[in-house]
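Shown next, in structure tokens, is the structure this report addresses.
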Amino acid sequence: VSGPVGGGHGRGLTRVAGLVNGHTHAAMTLFRGYADDLPLMEWLEEHIWPAERRLEPEDVYWGTRLACLEMIRTGTVRFWDMYWHPGATARAVRDAGLRAVVGAPLIDGGDAAHSAELREGAERSLDEIVAEGGDAVEPALAPHAIYTVSAESLRWIAETAAERELPIQIHLSETEDEVAKCIEAHGERPAAYLDRLGLLGPRTVLAHGVWLDREELELIAERGATVVTNPVANLKLAVRGVFDYPTARDAGVAVGLGTDGAGSNNSLDLLADAKFFALLQKNEAGDPAAVTATEVLEIAAGRRSPLLGGPDTDDHILVRADSPELSLGDLDAGLVYAASGSVVDSTVVGGRELMRDGVIEGADEIIARARECARSLGLN
Ligand SMILES: [Zn+2]
């Protein structure tokens, strides 16, 4: 899917497939560089959650615009998002010219007594996403995780998604503790639990999957669900495990790559994360042949999952083939092992050049507005 660009304009560019960020929380760019280097629960409970309660739709809008700016610069053409005020996210995606699958995080505290509120919130957010996002945005149901959503609500989400043919995104098996608590509460591992509730299917994206075992991966393959691995966020939050990609691939699991939010990465440069993914998998397997550069690029472009990349489009990027990182050697190896998103020259979505020669219109204003939002939230 790559090759030199014709037309004789002499820009030294090569066309490659656009990247698909399979799991992020775009507006969390507002939290970049805020409360880093803390234990996971302390980070969430004492810093992120209290600040998130102060978020207004305008904050989410400008935080998402900043995320889109970074994704356009680094070659991402489509992303899967889960965050508060999803109508504002959808509007930001539309205004930026990107494509996204957007869902509000659905949470009932694991208490069925709050399921009615969850359903109302879900309906409201679906309406907002459709109203604000236009053609480029697909609404999704995004139950936060099995430990924050009750079985009753998860079942309703499964039924609703099936009826309306909506995608589902959920965090699954991110920490070892989550698996232990699932076994204790339900007598089964996370993937089996989700399957029993009807949530594992070809429209489901499971983020993380760090602790999925062989049996779970075989079940996920059989159901046609996609696992999106987020190697950098997993490393930064020190979850200790590594998603078992070789077993997943051999079982036939659809796989994608995500950055997770800028609060826990802190970058949205998917090409940089593709290198982390490759190196982590090689080291974990004790085998430099565990994954190839071409395979990693296909995963990063959403081409190892029928769901992630969406319907076939002509979205693409142009990379600087005459840059120091790419001027010699195999292009795929150069993109994964030598380059980062800084080699992207142009990003084209739906026939529109969102970036040309490294220039994105309106970038200065977006950065200034996002800074103002972070400052007014006391984050910067
Ligand atoms: Zn996440």
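Labels used: A, B, ... for chains in the order of the structure tokens, numbers from 1 for residues in each chain, and numbers from 1 for ligands as shown.
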
*Find the residues near stretch 179-192 of chain A: any atom within 9 Å, counting only C-alpha atoms, skip ones fewer than 2 places away on the same chain, and give them as an NGL selection string.*
:A and (146-147 or 172-177 or 194-197 or 200 or 211-213 or 216-217 or 219-220)

What's around A:Gly378 at 10 Å? Count only C-alpha atoms, leave out sequence neighbours fewer than 2 positions away in its own chain, and write the answer as a compact mmCIF listing (two decimals) with C-alpha atoms, in the first residue's frame.
```txt
# COMPACT_ATOMS: atom_id res chain seq x y z
CA TYR A 34 -0.44 17.07 34.79
CA ALA A 51 -10.51 17.67 37.44
CA ARG A 54 -15.04 20.44 36.26
CA GLU A 372 -6.73 28.68 28.04
CA CYS A 373 -9.02 25.75 28.87
CA ALA A 374 -6.28 23.89 30.75
CA ARG A 375 -5.42 27.06 32.67
CA SER A 376 -9.03 27.74 33.65
CA ASN A 380 -1.55 24.38 33.59
```

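Residues of protein, DNA or RNA having any atom at most 7 Å from ligand 1, counting only C-alpha atoms and all ligand atoms, are A:His23, A:Thr24, A:His25, A:His171, A:Ala207, A:Asp260, A:Gly261.
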
Those residues with C-alpha atoms, as a PDB file, in the first residue's frame please?
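So out.pdb came out as:
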```pdb
ATOM      1  CA  HIS A  23      -8.268   3.582  21.533  1.00  0.00           C
ATOM      2  CA  THR A  24      -7.939   7.066  22.955  1.00  0.00           C
ATOM      3  CA  HIS A  25      -9.582   9.731  25.078  1.00  0.00           C
ATOM      4  CA  HIS A 171     -11.571  -1.379  28.573  1.00  0.00           C
ATOM      5  CA  ALA A 207      -8.970  -1.981  24.804  1.00  0.00           C
ATOM      6  CA  ASP A 260      -4.865   5.602  25.048  1.00  0.00           C
ATOM      7  CA  GLY A 261      -5.366   9.150  26.340  1.00  0.00           C
TER       8      GLY A 261
END
```

*Test item, strand (DSSP E) assignment across stretch 48-285 of chain A, answer as a PyMOL selection string*: chain A and resi 76-82+99-103+105-106+137-139+142-143+168-172+204-208+226-229+254-257

*Between A:Ala136, A:Ala162, A:Met41, A:Val344, which one has atoms that come closest to A:Phe79, using only C-alpha atoms?*
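Comparing A:Ala136, A:Ala162, A:Met41, A:Val344 against A:Phe79, the winner is A:Ala136.
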
*Please provide the set of residues having any atom within 10 Å of A:Arg124, restricted to only C-alpha atoms, with same-chain residues fewer than 6 positions apart removed, written as a list in words.*
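Everything that qualifies: Pro86, Gly87, Ala104 and Leu118 of chain A.
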
Could you save those same residues with N, CA, C and O atoms as a PDB file, in the first residue's frame?
```pdb
ATOM      1  N   PRO A  86     -19.470  13.810  24.724  1.00  0.00           N
ATOM      2  CA  PRO A  86     -19.102  13.272  23.419  1.00  0.00           C
ATOM      3  C   PRO A  86     -19.632  14.092  22.250  1.00  0.00           C
ATOM      4  O   PRO A  86     -19.086  14.024  21.146  1.00  0.00           O
ATOM      5  N   GLY A  87     -20.682  14.905  22.493  1.00  0.00           N
ATOM      6  CA  GLY A  87     -21.168  15.792  21.427  1.00  0.00           C
ATOM      7  C   GLY A  87     -20.085  16.797  21.059  1.00  0.00           C
ATOM      8  O   GLY A  87     -19.872  17.116  19.879  1.00  0.00           O
ATOM      9  N   ALA A 104     -19.648   7.972  24.734  1.00  0.00           N
ATOM     10  CA  ALA A 104     -19.485   8.493  26.100  1.00  0.00           C
ATOM     11  C   ALA A 104     -19.134   7.330  27.009  1.00  0.00           C
ATOM     12  O   ALA A 104     -19.638   6.231  26.820  1.00  0.00           O
ATOM     13  N   LEU A 118     -27.883   5.274  33.626  1.00  0.00           N
ATOM     14  CA  LEU A 118     -26.893   4.941  32.585  1.00  0.00           C
ATOM     15  C   LEU A 118     -27.562   4.900  31.209  1.00  0.00           C
ATOM     16  O   LEU A 118     -27.036   5.429  30.230  1.00  0.00           O
TER      17      LEU A 118
END
```

Enumerate, in order of chain and increasing residue number, the residues of stretch 256-368 of chain A with an atom no farther than 12 Å from stretch 56-63 of chain A, each with its shortest atom pair and distance in Å to one decimal, counting only C-alpha atoms, as a tab-separated table.
```
residue	atom	partner	partner_atom	distance
A:Gly261	CA	A:Gly63	CA	11.1
A:Ala262	CA	A:Gly63	CA	10.2
A:Gly263	CA	A:Gly63	CA	11.6
A:Ala363	CA	A:Trp62	CA	11.4
A:Glu365	CA	A:Trp62	CA	9.9
A:Ile366	CA	A:Trp62	CA	6.7
A:Ile367	CA	A:Trp62	CA	8.3
A:Ala368	CA	A:Trp62	CA	9.4
```

*asked:* With DSSP run on the backbone, what are the helix (DSSP H, G or I) residues within stretch 9-196 of chain A? I'd like them as a PyMOL selection string.
replied: chain A and resi 26-31+40-52+57-73+86-96+112-136+151-164+176-186+190-196

Atoms kept (C-alpha atoms) for selection, written as an mmCIF file, in the first residue's frame:
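In the end it all went to part_18.cif:
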```cif
data_model
loop_
_atom_site.group_PDB
_atom_site.id
_atom_site.type_symbol
_atom_site.label_atom_id
_atom_site.label_comp_id
_atom_site.auth_asym_id
_atom_site.auth_seq_id
_atom_site.Cartn_x
_atom_site.Cartn_y
_atom_site.Cartn_z
ATOM 1 C CA ALA A 26 -8.772 12.668 22.809
ATOM 2 C CA ALA A 27 -9.683 15.571 25.106
ATOM 3 C CA MET A 28 -7.252 14.275 27.719
ATOM 4 C CA THR A 29 -4.618 16.357 25.929
ATOM 5 C CA LEU A 30 -5.782 18.912 28.538
ATOM 6 C CA PHE A 31 -4.224 16.640 31.194
ATOM 7 C CA LEU A 40 -2.533 4.470 38.927
ATOM 8 C CA MET A 41 -5.288 4.743 41.552
ATOM 9 C CA GLU A 42 -3.796 7.861 43.201
ATOM 10 C CA TRP A 43 -3.451 9.461 39.754
ATOM 11 C CA LEU A 44 -7.095 8.689 38.898
ATOM 12 C CA GLU A 45 -8.835 9.280 42.225
ATOM 13 C CA GLU A 46 -6.950 12.317 43.525
ATOM 14 C CA HIS A 47 -6.077 14.136 40.309
ATOM 15 C CA ILE A 48 -7.860 13.091 37.104
ATOM 16 C CA TRP A 49 -11.390 12.392 38.339
ATOM 17 C CA PRO A 50 -11.746 15.615 40.419
ATOM 18 C CA ALA A 51 -10.508 17.671 37.441
ATOM 19 C CA GLU A 52 -12.812 15.796 35.029
ATOM 20 C CA PRO A 57 -18.203 20.912 26.662
ATOM 21 C CA GLU A 58 -15.968 23.799 25.452
ATOM 22 C CA ASP A 59 -12.989 22.261 27.278
ATOM 23 C CA VAL A 60 -13.620 18.897 25.632
ATOM 24 C CA TYR A 61 -14.026 20.617 22.262
ATOM 25 C CA TRP A 62 -10.645 22.408 22.406
ATOM 26 C CA GLY A 63 -8.885 19.455 24.033
ATOM 27 C CA THR A 64 -10.129 17.269 21.174
ATOM 28 C CA ARG A 65 -9.135 19.867 18.568
ATOM 29 C CA LEU A 66 -5.611 19.811 20.050
ATOM 30 C CA ALA A 67 -5.626 15.991 19.876
ATOM 31 C CA CYS A 68 -6.809 16.122 16.248
ATOM 32 C CA LEU A 69 -4.044 18.599 15.450
ATOM 33 C CA GLU A 70 -1.442 16.196 16.815
ATOM 34 C CA MET A 71 -3.031 13.196 15.089
ATOM 35 C CA ILE A 72 -3.156 14.985 11.723
ATOM 36 C CA ARG A 73 0.514 15.987 12.142
ATOM 37 C CA PRO A 86 -19.102 13.272 23.419
ATOM 38 C CA GLY A 87 -21.168 15.792 21.427
ATOM 39 C CA ALA A 88 -18.284 18.264 21.828
ATOM 40 C CA THR A 89 -15.814 15.567 20.760
ATOM 41 C CA ALA A 90 -17.909 14.804 17.673
ATOM 42 C CA ARG A 91 -18.094 18.506 16.736
ATOM 43 C CA ALA A 92 -14.323 18.848 17.122
ATOM 44 C CA VAL A 93 -13.722 15.818 14.874
ATOM 45 C CA ARG A 94 -16.033 17.245 12.217
ATOM 46 C CA ASP A 95 -14.383 20.680 12.359
ATOM 47 C CA ALA A 96 -10.905 19.101 12.200
ATOM 48 C CA ALA A 112 -27.888 -2.034 38.867
ATOM 49 C CA ALA A 113 -29.880 0.556 40.856
ATOM 50 C CA HIS A 114 -28.193 3.203 38.685
ATOM 51 C CA SER A 115 -28.828 1.362 35.405
ATOM 52 C CA ALA A 116 -31.773 3.574 34.415
ATOM 53 C CA GLU A 117 -29.537 6.663 34.663
ATOM 54 C CA LEU A 118 -26.893 4.941 32.585
ATOM 55 C CA ARG A 119 -29.451 4.158 29.865
ATOM 56 C CA GLU A 120 -30.745 7.735 29.797
ATOM 57 C CA GLY A 121 -27.187 9.043 29.601
ATOM 58 C CA ALA A 122 -26.369 6.634 26.792
ATOM 59 C CA GLU A 123 -29.425 7.670 24.743
ATOM 60 C CA ARG A 124 -28.639 11.340 25.268
ATOM 61 C CA SER A 125 -25.018 10.934 24.245
ATOM 62 C CA LEU A 126 -25.920 8.951 21.094
ATOM 63 C CA ASP A 127 -28.285 11.766 20.053
ATOM 64 C CA GLU A 128 -25.600 14.402 20.715
ATOM 65 C CA ILE A 129 -22.930 12.530 18.759
ATOM 66 C CA VAL A 130 -25.212 12.100 15.729
ATOM 67 C CA ALA A 131 -26.362 15.740 15.865
ATOM 68 C CA GLU A 132 -22.864 17.223 16.227
ATOM 69 C CA GLY A 133 -20.652 14.849 14.280
ATOM 70 C CA GLY A 134 -22.133 14.579 10.800
ATOM 71 C CA ASP A 135 -20.947 11.972 8.325
ATOM 72 C CA ALA A 136 -17.393 11.663 9.616
ATOM 73 C CA ALA A 151 -24.186 -6.886 34.516
ATOM 74 C CA GLU A 152 -27.717 -5.482 33.974
ATOM 75 C CA SER A 153 -26.374 -2.411 32.184
ATOM 76 C CA LEU A 154 -23.868 -4.459 30.179
ATOM 77 C CA ARG A 155 -26.699 -6.718 28.982
ATOM 78 C CA TRP A 156 -28.760 -3.676 27.949
ATOM 79 C CA ILE A 157 -25.744 -2.270 26.082
ATOM 80 C CA ALA A 158 -25.272 -5.585 24.245
ATOM 81 C CA GLU A 159 -28.949 -5.686 23.219
ATOM 82 C CA THR A 160 -29.055 -2.038 22.184
ATOM 83 C CA ALA A 161 -25.855 -2.335 20.145
ATOM 84 C CA ALA A 162 -27.219 -5.433 18.387
ATOM 85 C CA GLU A 163 -30.576 -3.795 17.597
ATOM 86 C CA ARG A 164 -29.043 -0.585 16.238
ATOM 87 C CA GLU A 176 -4.124 -8.296 36.983
ATOM 88 C CA ASP A 177 -6.294 -7.084 39.853
ATOM 89 C CA GLU A 178 -9.255 -6.612 37.464
ATOM 90 C CA VAL A 179 -8.986 -10.275 36.426
ATOM 91 C CA ALA A 180 -8.757 -11.523 40.036
ATOM 92 C CA LYS A 181 -11.813 -9.475 41.039
ATOM 93 C CA CYS A 182 -13.793 -10.724 38.021
ATOM 94 C CA ILE A 183 -13.076 -14.356 38.906
ATOM 95 C CA GLU A 184 -14.000 -13.664 42.529
ATOM 96 C CA ALA A 185 -17.270 -11.897 41.654
ATOM 97 C CA HIS A 186 -18.431 -13.932 38.642
ATOM 98 C CA PRO A 190 -13.240 -11.232 31.884
ATOM 99 C CA ALA A 191 -13.725 -12.391 28.267
ATOM 100 C CA ALA A 192 -15.985 -15.297 29.300
ATOM 101 C CA TYR A 193 -17.997 -12.919 31.495
ATOM 102 C CA LEU A 194 -18.481 -10.436 28.646
ATOM 103 C CA ASP A 195 -19.448 -13.254 26.293
ATOM 104 C CA ARG A 196 -22.101 -14.536 28.701
#
```
